[in-house]
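Colleague: Before I ask anything, here is the structure I am working with.
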Amino acid sequence: MNGHDDAWLDSVAVLALGALPENEARDLRTHMLDCEICRNEYAELRVAADALALAAEATPQELGGAQCARLKARVMDAVETDRGPAAAPSDSRVVPMRSRGTARVWLPYAAIAASLIIATFTGYSAYTTHAENDANRQQIALLQARVDAQERAAENARAELALNQSRLADLIAPGSTQFAVQNGVVVRSGDRVLIALRRLPTLPKGKVYQAWTLRRGAKAVTPSVTFVPDATGLALVELPGSAATFAAVAVSVEPEGGSKAPTSKPNFVRPLS
Amino acid sequence: MDDASLLMGRVRERDAAAFEAVYDAFYRLVYGIAVRMLGDTMAAEDLTQAVFLKVWSSPGAFAGGNFGAWIARVTRNRALDVLRSRSSRAEGEIPADVPADGELDEAVFAQLDGQRVRSALAHLPDEQRLPIELGFFGGITHEEIAKRTATPLGTVKTRIRAGLKKLRFELEGSLA
């Protein structure tokens, strides 16, 4: 592949996304060594492709509580097991003592020796000051990273609390309509639909609850959100979409990640009328 | 140099407290990518542990740049390894690894967070967003995307490029 052809730019985008097969990726990378246009395109699209990963960051609802603590303990245990003898600190100021020799007076060399000691000490001081600065900066970064992580966790918790408060407000809002279902209630409040369930059985690993909606005039249900109850068996879920378009709501147990169509008998099917 | 890069300097000196700070700052990202790609919480936990053990045992593998981008690529490449090892996937369906080190517009990436990216992604038309998400999180090649979406291969490639360009534009716009 020599010379540039605009047709390759589409393949460059697929390469940046990480969706090109190995053989094509190898050929394209070879071409890019000599093609500035494709290299520039790759650099431009690479940041967008890399940023996609950030969209996957797990929320406290997806990774929280006991699972979060268990995972951290598991990783830290593995690290502790792997931890070898600590390396000597780079800024160590402990100078090994030398065995003393017989005292001799070598006056002609004393001044030179003194100069060398002063020079060495000056250099050593500069080195240790530099090392101390590095250590201090790293310590600050360590503390800052902890503060940032705690702030992010607090922000996520506040957002979740606000969301749940808003959902609870909808549950008891004047004018809301409640439809009793097994283990709870489906609530239509304005244009929103919520499902509030309690005493939900804990599901085996790899299973989740999934909501379904039947749109007016449709013959088949549409997959909606998946959810798991909290430790007390409580789930408060808002369904995306407009309440006016829903003829019925259902919930079933599905494999993690959800299904395109129900694979188990629904816990309930509730017409919203 | 960002905070994580400074912390990695301490991890190289076997500082467990610095490692813990790195873990606290990035475990949601690593686990999130893993569970999205593997669709299995147990496998995602295993992968998260493997990635952070690599950070601990081979801190020199991070050669600088944006640590978040680096660990995300490492995680995705490891998840691709897992997908390759699953017998249900034919070899040709799994794409090549993206090098963990490489060109990246640090200035843009360093200011991004999950919320901005999710919002920018939501602005893409479905016909562009779907192949991009399938390619990145589904861990499949453009040919497999074309098959699964019943779309001509050339159209899939064009939509991926148009979608990534728009995503970049939206992300930069969100920072303005």
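Lettering and numbering for the structure tokens are positional, with chains as A, B, ... in the shown order, residues counted from 1 in each chain, and ligands counted from 1 in the shown order.
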Fewer than 5 positions away in the same chain doesn't count, so skip those; otherwise give me all residues within 10 Å of range 107-114 of chain B, counting only C-alpha atoms, as a ChimeraX atom specification.
Modeller: /A:47-48,50-59 /B:2,29,65-69,119-120,168,171-172,174-175
Colleague: Could you please tell me, as a PyMOL selection string, which residues of chain A have an atom within 7 Å of chain B when using only C-alpha atoms?
Modeller: chain A and resi 10-11+13-14+17-22+25+43+45-58+71+75+79+86-87+138+141-142+145-146+149+206+256-257
Colleague: Would you put the residues from that selection into a file with N, CA and C atoms, as a compact mmCIF listing (two decimals), in the first residue's frame?
Modeller:
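Writing the result to out-v9.txt gives the following:
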```txt
# COMPACT_ATOMS: atom_id res chain seq x y z
N ASP A 10 -11.57 5.41 5.85
CA ASP A 10 -12.60 4.67 6.59
C ASP A 10 -11.97 3.52 7.38
N SER A 11 -10.98 2.87 6.75
CA SER A 11 -10.29 1.77 7.47
C SER A 11 -9.49 2.31 8.64
N ALA A 13 -10.35 4.75 10.51
CA ALA A 13 -11.31 4.95 11.61
C ALA A 13 -11.59 3.62 12.31
N VAL A 14 -11.73 2.54 11.52
CA VAL A 14 -11.99 1.22 12.11
C VAL A 14 -10.78 0.77 12.93
N LEU A 17 -10.79 2.56 16.20
CA LEU A 17 -11.82 1.99 17.08
C LEU A 17 -11.37 0.66 17.67
N GLY A 18 -10.43 0.00 16.98
CA GLY A 18 -9.98 -1.32 17.45
C GLY A 18 -10.87 -2.41 16.92
N ALA A 19 -11.40 -2.25 15.71
CA ALA A 19 -12.33 -3.25 15.16
C ALA A 19 -11.84 -3.82 13.83
N LEU A 20 -10.55 -3.63 13.57
CA LEU A 20 -9.99 -4.15 12.32
C LEU A 20 -9.32 -5.51 12.59
N PRO A 21 -9.54 -6.49 11.70
CA PRO A 21 -8.87 -7.79 11.90
C PRO A 21 -7.35 -7.62 11.85
N GLU A 22 -6.65 -8.56 12.48
CA GLU A 22 -5.20 -8.46 12.63
C GLU A 22 -4.47 -8.24 11.30
N ALA A 25 -5.11 -4.79 10.00
CA ALA A 25 -4.50 -3.80 10.89
C ALA A 25 -3.00 -3.71 10.63
N ALA A 43 -4.69 9.94 14.45
CA ALA A 43 -4.49 10.69 15.70
C ALA A 43 -5.76 11.44 16.09
N LEU A 45 -8.93 10.64 15.34
CA LEU A 45 -10.03 9.76 15.74
C LEU A 45 -9.69 8.92 16.96
N ARG A 46 -8.40 8.76 17.21
CA ARG A 46 -7.98 7.91 18.32
C ARG A 46 -8.48 8.44 19.66
N VAL A 47 -8.49 9.75 19.83
CA VAL A 47 -8.93 10.31 21.11
C VAL A 47 -10.41 10.04 21.33
N ALA A 48 -11.19 10.10 20.25
CA ALA A 48 -12.63 9.80 20.38
C ALA A 48 -12.83 8.34 20.72
N ALA A 49 -12.05 7.46 20.07
CA ALA A 49 -12.18 6.02 20.33
C ALA A 49 -11.74 5.69 21.76
N ASP A 50 -10.63 6.29 22.19
CA ASP A 50 -10.16 6.04 23.56
C ASP A 50 -11.16 6.54 24.59
N ALA A 51 -11.79 7.67 24.26
CA ALA A 51 -12.74 8.26 25.22
C ALA A 51 -13.95 7.36 25.44
N LEU A 52 -14.25 6.49 24.46
CA LEU A 52 -15.40 5.59 24.61
C LEU A 52 -15.30 4.78 25.89
N ALA A 53 -14.08 4.44 26.27
CA ALA A 53 -13.89 3.63 27.48
C ALA A 53 -14.49 4.32 28.70
N LEU A 54 -14.37 5.65 28.72
CA LEU A 54 -14.86 6.38 29.89
C LEU A 54 -16.37 6.21 30.07
N ALA A 55 -17.06 5.99 28.96
CA ALA A 55 -18.52 5.83 29.04
C ALA A 55 -18.90 4.56 29.79
N ALA A 56 -17.95 3.65 29.90
CA ALA A 56 -18.27 2.36 30.53
C ALA A 56 -18.03 2.39 32.04
N GLU A 57 -17.48 3.47 32.56
CA GLU A 57 -17.14 3.52 33.99
C GLU A 57 -18.35 3.07 34.82
N ALA A 58 -18.12 2.10 35.69
CA ALA A 58 -19.23 1.54 36.47
C ALA A 58 -19.73 2.55 37.50
N LEU A 71 -14.12 -6.92 45.95
CA LEU A 71 -13.18 -6.84 44.83
C LEU A 71 -11.88 -6.14 45.27
N VAL A 75 -8.10 -7.74 45.30
CA VAL A 75 -6.94 -7.17 44.59
C VAL A 75 -5.82 -6.86 45.56
N VAL A 79 -2.02 -8.35 45.77
CA VAL A 79 -0.83 -7.48 45.74
C VAL A 79 0.05 -7.77 46.95
N ALA A 86 10.67 -4.87 50.26
CA ALA A 86 10.62 -3.47 49.84
C ALA A 86 11.98 -3.01 49.35
N ALA A 87 11.96 -2.26 48.25
CA ALA A 87 13.20 -1.70 47.72
C ALA A 87 13.68 -0.60 48.66
N GLN A 138 4.84 13.66 45.18
CA GLN A 138 4.14 12.39 45.03
C GLN A 138 3.17 12.17 46.19
N ALA A 141 0.22 14.24 45.52
CA ALA A 141 -0.59 13.61 44.46
C ALA A 141 -1.39 12.45 45.01
N LEU A 142 -0.75 11.68 45.91
CA LEU A 142 -1.42 10.55 46.54
C LEU A 142 -2.65 11.01 47.31
N ALA A 145 -5.34 12.36 44.93
CA ALA A 145 -6.06 11.29 44.23
C ALA A 145 -7.10 10.67 45.15
N ARG A 146 -6.75 10.53 46.44
CA ARG A 146 -7.72 9.96 47.39
C ARG A 146 -8.90 10.90 47.57
N ALA A 149 -11.08 10.75 44.51
CA ALA A 149 -11.88 9.52 44.45
C ALA A 149 -13.05 9.60 45.43
N GLY A 206 -25.45 -14.07 37.75
CA GLY A 206 -25.64 -14.05 36.30
C GLY A 206 -27.07 -13.78 35.88
N GLU A 256 -27.88 -11.83 32.84
CA GLU A 256 -27.26 -10.53 33.03
C GLU A 256 -27.00 -9.86 31.67
N GLY A 257 -27.25 -8.59 31.60
CA GLY A 257 -27.11 -7.90 30.32
C GLY A 257 -28.44 -7.75 29.61
```
Colleague: Write out as a VMD selection string all residues of chain B that DSSP puts in helix (DSSP H, G or I) for this structure's backbone.
Modeller: chain B and resid 3 to 11 16 to 38 41 to 57 59 to 61 67 to 85 91 to 93 106 to 109 114 to 122 126 to 136 142 to 149 153 to 175
Colleague: Counting only C-alpha atoms, which residue out of A:Leu168, A:Arg74, A:Val12, A:Tyr42 sits closest to Leu28 in chain A?
Modeller: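 Once distances to Leu28 in chain A are computed over only C-alpha atoms, the minimum belongs to A:Val12.
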Colleague: List as a ChimeraX atom specification the protein and nucleic acid residues near Gln210 in chain A, meaning an atom at most 6 Å away when only C-alpha atoms are counted, but skip any in the same chain fewer than 4 places from it.
Modeller: /A:225-226,251-252
Colleague: Which polymer residues have any atom within 12 Å of an atom of Gly190 in chain A, counting only C-alpha atoms, with same-chain residues fewer than 4 positions away left out, as a PyMOL selection string?
Modeller: chain A and resi 167+169-178+194+241-244
Colleague: Could the residues in this selection be saved with all heavy atoms as an mmCIF file, in the first residue's frame?
Modeller:
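The result, stored in part_9.cif:
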```
data_model
loop_
_atom_site.group_PDB
_atom_site.id
_atom_site.type_symbol
_atom_site.label_atom_id
_atom_site.label_comp_id
_atom_site.auth_asym_id
_atom_site.auth_seq_id
_atom_site.Cartn_x
_atom_site.Cartn_y
_atom_site.Cartn_z
ATOM 1 N N ARG A 167 -37.910 9.998 42.416
ATOM 2 C CA ARG A 167 -38.784 8.854 42.137
ATOM 3 C C ARG A 167 -39.813 8.660 43.258
ATOM 4 O O ARG A 167 -40.983 8.400 43.009
ATOM 5 C CB ARG A 167 -37.943 7.589 41.987
ATOM 6 C CG ARG A 167 -37.156 7.561 40.699
ATOM 7 C CD ARG A 167 -36.136 6.439 40.700
ATOM 8 N NE ARG A 167 -35.397 6.398 39.446
ATOM 9 C CZ ARG A 167 -34.282 5.702 39.277
ATOM 10 N NH1 ARG A 167 -33.761 5.022 40.260
ATOM 11 N NH2 ARG A 167 -33.670 5.721 38.107
ATOM 12 N N ALA A 169 -40.940 10.953 45.202
ATOM 13 C CA ALA A 169 -41.912 12.041 45.105
ATOM 14 C C ALA A 169 -42.985 11.691 44.081
ATOM 15 O O ALA A 169 -44.169 11.946 44.277
ATOM 16 C CB ALA A 169 -41.210 13.338 44.731
ATOM 17 N N ASP A 170 -42.545 11.061 42.982
ATOM 18 C CA ASP A 170 -43.505 10.664 41.955
ATOM 19 C C ASP A 170 -44.474 9.598 42.465
ATOM 20 O O ASP A 170 -45.640 9.563 42.087
ATOM 21 C CB ASP A 170 -42.776 10.108 40.725
ATOM 22 C CG ASP A 170 -42.415 11.215 39.766
ATOM 23 O OD1 ASP A 170 -42.952 12.327 39.932
ATOM 24 O OD2 ASP A 170 -41.606 10.975 38.856
ATOM 25 N N LEU A 171 -43.943 8.715 43.333
ATOM 26 C CA LEU A 171 -44.789 7.627 43.836
ATOM 27 C C LEU A 171 -45.984 8.154 44.604
ATOM 28 O O LEU A 171 -47.061 7.562 44.594
ATOM 29 C CB LEU A 171 -43.963 6.711 44.759
ATOM 30 C CG LEU A 171 -43.023 5.723 44.100
ATOM 31 C CD1 LEU A 171 -42.257 4.953 45.170
ATOM 32 C CD2 LEU A 171 -43.797 4.747 43.229
ATOM 33 N N ILE A 172 -45.784 9.268 45.331
ATOM 34 C CA ILE A 172 -46.864 9.767 46.185
ATOM 35 C C ILE A 172 -47.458 11.061 45.651
ATOM 36 O O ILE A 172 -48.238 11.714 46.334
ATOM 37 C CB ILE A 172 -46.336 10.001 47.622
ATOM 38 C CG1 ILE A 172 -45.135 10.960 47.602
ATOM 39 C CG2 ILE A 172 -45.965 8.696 48.302
ATOM 40 C CD1 ILE A 172 -44.722 11.417 48.980
ATOM 41 N N ALA A 173 -47.080 11.429 44.416
ATOM 42 C CA ALA A 173 -47.569 12.698 43.863
ATOM 43 C C ALA A 173 -49.089 12.651 43.661
ATOM 44 O O ALA A 173 -49.626 11.622 43.237
ATOM 45 C CB ALA A 173 -46.887 12.984 42.534
ATOM 46 N N PRO A 174 -49.784 13.756 43.988
ATOM 47 C CA PRO A 174 -51.220 13.794 43.718
ATOM 48 C C PRO A 174 -51.439 13.610 42.215
ATOM 49 O O PRO A 174 -50.702 14.160 41.410
ATOM 50 C CB PRO A 174 -51.627 15.215 44.144
ATOM 51 C CG PRO A 174 -50.503 15.720 44.961
ATOM 52 C CD PRO A 174 -49.274 15.000 44.543
ATOM 53 N N GLY A 175 -52.415 12.811 41.865
ATOM 54 C CA GLY A 175 -52.684 12.609 40.440
ATOM 55 C C GLY A 175 -51.977 11.407 39.870
ATOM 56 O O GLY A 175 -52.245 10.993 38.741
ATOM 57 N N SER A 176 -51.048 10.825 40.640
ATOM 58 C CA SER A 176 -50.383 9.617 40.123
ATOM 59 C C SER A 176 -51.355 8.435 40.198
ATOM 60 O O SER A 176 -52.234 8.405 41.059
ATOM 61 C CB SER A 176 -49.112 9.319 40.919
ATOM 62 O OG SER A 176 -49.444 8.968 42.238
ATOM 63 N N THR A 177 -51.185 7.495 39.290
ATOM 64 C CA THR A 177 -52.059 6.323 39.278
ATOM 65 C C THR A 177 -51.241 5.092 39.631
ATOM 66 O O THR A 177 -50.162 4.893 39.056
ATOM 67 C CB THR A 177 -52.667 6.127 37.875
ATOM 68 O OG1 THR A 177 -53.171 7.389 37.433
ATOM 69 C CG2 THR A 177 -53.792 5.119 37.907
ATOM 70 N N GLN A 178 -51.762 4.300 40.550
ATOM 71 C CA GLN A 178 -51.014 3.128 40.986
ATOM 72 C C GLN A 178 -51.703 1.852 40.497
ATOM 73 O O GLN A 178 -52.914 1.724 40.554
ATOM 74 C CB GLN A 178 -50.910 3.105 42.507
ATOM 75 C CG GLN A 178 -50.235 4.368 43.054
ATOM 76 C CD GLN A 178 -49.766 4.203 44.488
ATOM 77 O OE1 GLN A 178 -50.061 3.203 45.118
ATOM 78 N NE2 GLN A 178 -49.036 5.179 44.978
ATOM 79 N N LEU A 194 -42.926 4.311 36.941
ATOM 80 C CA LEU A 194 -41.985 3.731 37.885
ATOM 81 C C LEU A 194 -42.494 2.380 38.357
ATOM 82 O O LEU A 194 -43.704 2.157 38.421
ATOM 83 C CB LEU A 194 -41.822 4.636 39.112
ATOM 84 C CG LEU A 194 -41.294 6.031 38.831
ATOM 85 C CD1 LEU A 194 -42.417 7.038 38.979
ATOM 86 C CD2 LEU A 194 -40.154 6.358 39.752
ATOM 87 N N GLY A 241 -38.741 6.362 28.542
ATOM 88 C CA GLY A 241 -39.821 6.496 27.567
ATOM 89 C C GLY A 241 -41.021 7.211 28.149
ATOM 90 O O GLY A 241 -41.073 7.489 29.348
ATOM 91 N N SER A 242 -41.968 7.500 27.285
ATOM 92 C CA SER A 242 -43.144 8.260 27.694
ATOM 93 C C SER A 242 -44.254 7.321 28.153
ATOM 94 O O SER A 242 -44.620 6.364 27.458
ATOM 95 C CB SER A 242 -43.621 9.096 26.503
ATOM 96 O OG SER A 242 -44.906 9.581 26.751
ATOM 97 N N ALA A 243 -44.830 7.628 29.321
ATOM 98 C CA ALA A 243 -45.894 6.787 29.872
ATOM 99 C C ALA A 243 -47.067 6.679 28.899
ATOM 100 O O ALA A 243 -47.743 5.645 28.845
ATOM 101 C CB ALA A 243 -46.366 7.359 31.207
ATOM 102 N N ALA A 244 -47.293 7.740 28.144
ATOM 103 C CA ALA A 244 -48.452 7.762 27.253
ATOM 104 C C ALA A 244 -48.372 6.690 26.173
ATOM 105 O O ALA A 244 -49.390 6.281 25.617
ATOM 106 C CB ALA A 244 -48.564 9.141 26.608
#
```
